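Down below is the structure, laid out as structure tokens.
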Amino acid sequence: MPMQYAIETTELTKGYKNKIAVDRLNLRVGEGEIFGFLGPNGAGKTTTILMLLGLTEPTFGSARVCGYDPTREPLKVKRMAGYLPEKVGFYDDMTARQNLEYTAALNGLSTGAAKKKIDELLELVGLVDVAEHKVGTFSHGMKQRLGIADVMIKDPKIAFFDEPTAGIDPEGTDQVLTLIRGMARRNVTVFISSHQLHQVQKVCTRVGIMANGRLVAEGSVDELGRKVIGGGKFRIEAQVSPVSDRLLTVVRGVRGVSNVDVEGDRLLISCDEDIRPQIARAIIDSESLLLQMKIEEYSLDDIYLRYFRD
Ligand SMILES: Nc1ncnc2c1ncn2[C@@H]1O[C@H](COP(=O)(O)OP(=O)(O)OP(=O)(O)O)[C@@H](O)[C@H]1O
Ligand SMILES: [Mg+2]
């Protein structure tokens, strides 16, 4: 049986009058993945999500979401997919429970099934105590959690979150991310657009980086980090004196070193493990002085910055 992707796009393109918002996007997201779709403002993230949901038509190319073409079979996709837009639209003068009841009715749940489901979800997202309060009185973080409950009402196979943690405080963000992780554990595929890298790094199995409508990088944070930092998971920075040819040869020969760059009197050593003791010994054996040494694990920020610097 051929591998079924939750999302598959082929040269997916959206052009506006004088702007290509999404440019020949080829993307594959496996079932049960949490995929982080990253990029600065205007990169084309929301436009991509709208095309995947069948809410806007591509100019060129095609997509499949859970096996269906969102342009030709939008209703089938909508039945499978949950969507939390950038700006969540709830009825402010209705209570949390009433808003969820409304969504349940739209999705054809019976009153009995809806009540049970809504009780469970309010519990899950921590809004039981305010279930009968009007949503207009909710904080942004509470609205986002209600938004997650709203997405989960119909038991989606795939969920799209557009900037789910924008403008939420750290505690609220953790709650949202925990809920998203919980969804993936129940085998829901999750697609998150964001520019908040630390958070994405915490939950995503894989990320794609968009710039000007194009996918400029794709992979696990680990894979991308290795590429950017020159082949290793860590970077050891050693300030030495002098930087001799002999020293470089010896350090490059240390087991576990995948690359060594020189910047002034500093060696930037990429490696897969913390091999600071071995590096220190190599430096001393080469009769150079070790002035300072530190180690860094790459982060998604490094990766991201590297792509936007170049
Ligand atoms: N309806 C539209 N008409 C014309 N241009 C549009 C339209 N929608 C989006 N664009 C343009 O397409 C580009 C991509 O926009 P999009 O909203 O997809 O970016 P984004 O990555 O979601 O950005 P943000 O992080 O700000 O949400 C932008 O240059 C935007 O101005
Ligand atoms: Mg957007």
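Order determines the names: the first chain of the structure tokens is A, the second B, and so forth; residues in each chain are numbered 1 upward, and ligands are numbered 1 upward as they are shown.
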Next item on the list: Mind checking which residues fall within 10 Å of A:Asp23, counting only C-alpha atoms, ignoring those fewer than 5 positions away in the same chain, and posting them as a VMD selection string?
Entry: chain A and resid 11 to 15 44 48 59 to 61 210 to 215
Next item on the list: Throw together the list of residues within 10 Å of ligand 2, counting only C-alpha atoms and all ligand atoms, and drop it here as a ChimeraX atom specification.
Entry: /A:39-50,85-87,162-163,193-195
Take the residues that were just selected and, keeping N, CA and C atoms, output them as a compact mmCIF listing (two decimals), in the first residue's frame.
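Below is the file that was written, selection_25.txt:
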```
# COMPACT_ATOMS: atom_id res chain seq x y z
N GLY A 39 8.04 31.04 9.55
CA GLY A 39 8.44 32.06 8.59
C GLY A 39 7.99 33.41 9.08
N PRO A 40 8.66 34.46 8.60
CA PRO A 40 8.32 35.82 9.06
C PRO A 40 6.97 36.27 8.50
N ASN A 41 6.54 37.43 8.91
CA ASN A 41 5.26 37.99 8.43
C ASN A 41 5.27 38.06 6.91
N GLY A 42 4.16 37.64 6.34
CA GLY A 42 4.03 37.73 4.89
C GLY A 42 4.69 36.59 4.13
N ALA A 43 5.19 35.58 4.82
CA ALA A 43 5.91 34.48 4.15
C ALA A 43 4.97 33.57 3.36
N GLY A 44 3.71 33.58 3.70
CA GLY A 44 2.76 32.73 2.97
C GLY A 44 2.15 31.60 3.79
N LYS A 45 2.30 31.69 5.10
CA LYS A 45 1.82 30.61 5.98
C LYS A 45 0.29 30.52 5.97
N THR A 46 -0.35 31.65 6.24
CA THR A 46 -1.81 31.62 6.30
C THR A 46 -2.41 31.26 4.94
N THR A 47 -1.85 31.80 3.88
CA THR A 47 -2.34 31.48 2.54
C THR A 47 -2.25 29.97 2.28
N THR A 48 -1.17 29.37 2.70
CA THR A 48 -1.02 27.92 2.52
C THR A 48 -2.12 27.17 3.28
N ILE A 49 -2.33 27.56 4.54
CA ILE A 49 -3.36 26.90 5.34
C ILE A 49 -4.73 27.05 4.68
N LEU A 50 -5.02 28.24 4.19
CA LEU A 50 -6.32 28.46 3.55
C LEU A 50 -6.50 27.57 2.31
N PRO A 85 -8.13 29.65 13.49
CA PRO A 85 -7.53 30.74 12.73
C PRO A 85 -6.73 31.69 13.61
N GLU A 86 -6.02 32.60 12.96
CA GLU A 86 -5.21 33.59 13.69
C GLU A 86 -6.09 34.37 14.67
N LYS A 87 -7.23 34.79 14.18
CA LYS A 87 -8.18 35.50 15.07
C LYS A 87 -9.37 34.59 15.29
N ASP A 162 -3.18 28.35 13.36
CA ASP A 162 -2.44 29.48 12.82
C ASP A 162 -2.03 30.39 13.97
N GLU A 163 -0.74 30.42 14.26
CA GLU A 163 -0.20 31.23 15.37
C GLU A 163 -0.95 30.99 16.68
N SER A 193 1.33 26.98 12.36
CA SER A 193 2.14 28.06 11.82
C SER A 193 2.55 28.95 12.97
N SER A 194 3.79 29.42 12.91
CA SER A 194 4.27 30.22 14.03
C SER A 194 5.56 30.94 13.67
N HIS A 195 5.83 32.02 14.42
CA HIS A 195 7.21 32.50 14.38
C HIS A 195 7.81 32.49 15.78
```
Next item on the list: Tell me, as a PyMOL selection string, which residues lie within 10 Å of A:Val135, counting only C-alpha atoms; anything in the same chain fewer than 6 positions away does not count.
Entry: chain A and resi 90-99+142-143+146
Generate the output file for the selected residues, C-alpha atoms, as a JSON list (two decimals), in the first residue's frame.
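Saved as again_9.json:
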```json
[["chain", "number", "residue", "atom", "x", "y", "z"],
["A", 90, "PHE", "CA", -16.38, 33.35, 19.15],
["A", 91, "TYR", "CA", -19.66, 34.96, 20.04],
["A", 92, "ASP", "CA", -18.68, 37.26, 22.87],
["A", 93, "ASP", "CA", -22.14, 37.51, 24.35],
["A", 94, "MET", "CA", -22.54, 33.73, 24.50],
["A", 95, "THR", "CA", -21.00, 31.57, 27.22],
["A", 96, "ALA", "CA", -18.12, 29.18, 26.58],
["A", 97, "ARG", "CA", -20.52, 26.28, 26.69],
["A", 98, "GLN", "CA", -22.98, 27.91, 24.31],
["A", 99, "ASN", "CA", -20.22, 28.60, 21.81],
["A", 142, "MET", "CA", -8.61, 31.40, 27.72],
["A", 143, "LYS", "CA", -10.03, 32.07, 24.26],
["A", 146, "LEU", "CA", -11.61, 27.40, 24.13]]
```
Check: What residues in stretch 28-217 of chain A get the DSSP label alpha helix (DSSP H)? Please answer as a PyMOL selection string.
Finding: chain A and resi 45-52+74-80+96-106+111-124+140-152+170-185+197-203
Check: For the atom pair atom CA of A:Glu297 and atom CA of A:Glu237, what is the interatomic distance in Å to one decimal place?
Finding: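 Calculated distance between atom CA of A:Glu297 and atom CA of A:Glu237 is 11.2 Å.
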Next item on the list: Please provide as an MDAnalysis selection string all residues within 8 Å of A:Ile236, with the sequence filter that same-chain residues fewer than 2 positions apart are discarded (counting only C-alpha atoms).
Entry: chainID A and resid 234 238 267:271 276 293:296
Item checked: Residues near A:Leu127, cut-off 12 Å, only C-alpha atoms, skip fewer than 4 positions along chain, as an MDAnalysis selection string -> chainID A and resid 95:97 100 118:123 131:135 138:139 141:149 175
Check: Taking only C-alpha atoms and all ligand atoms into account, which of A:Val125, A:Ala6, A:Ile209, A:Met80 comes nearest ligand 1?
Finding: A:Ile209
Margin query: Using only C-alpha atoms, which protein or nucleic acid residues come within 12 Å of A:Pro170? Drop anything in the same chain fewer than 6 positions from it, and give the result as a ChimeraX atom specification.
Written below: /A:141,176-177,196,198-199
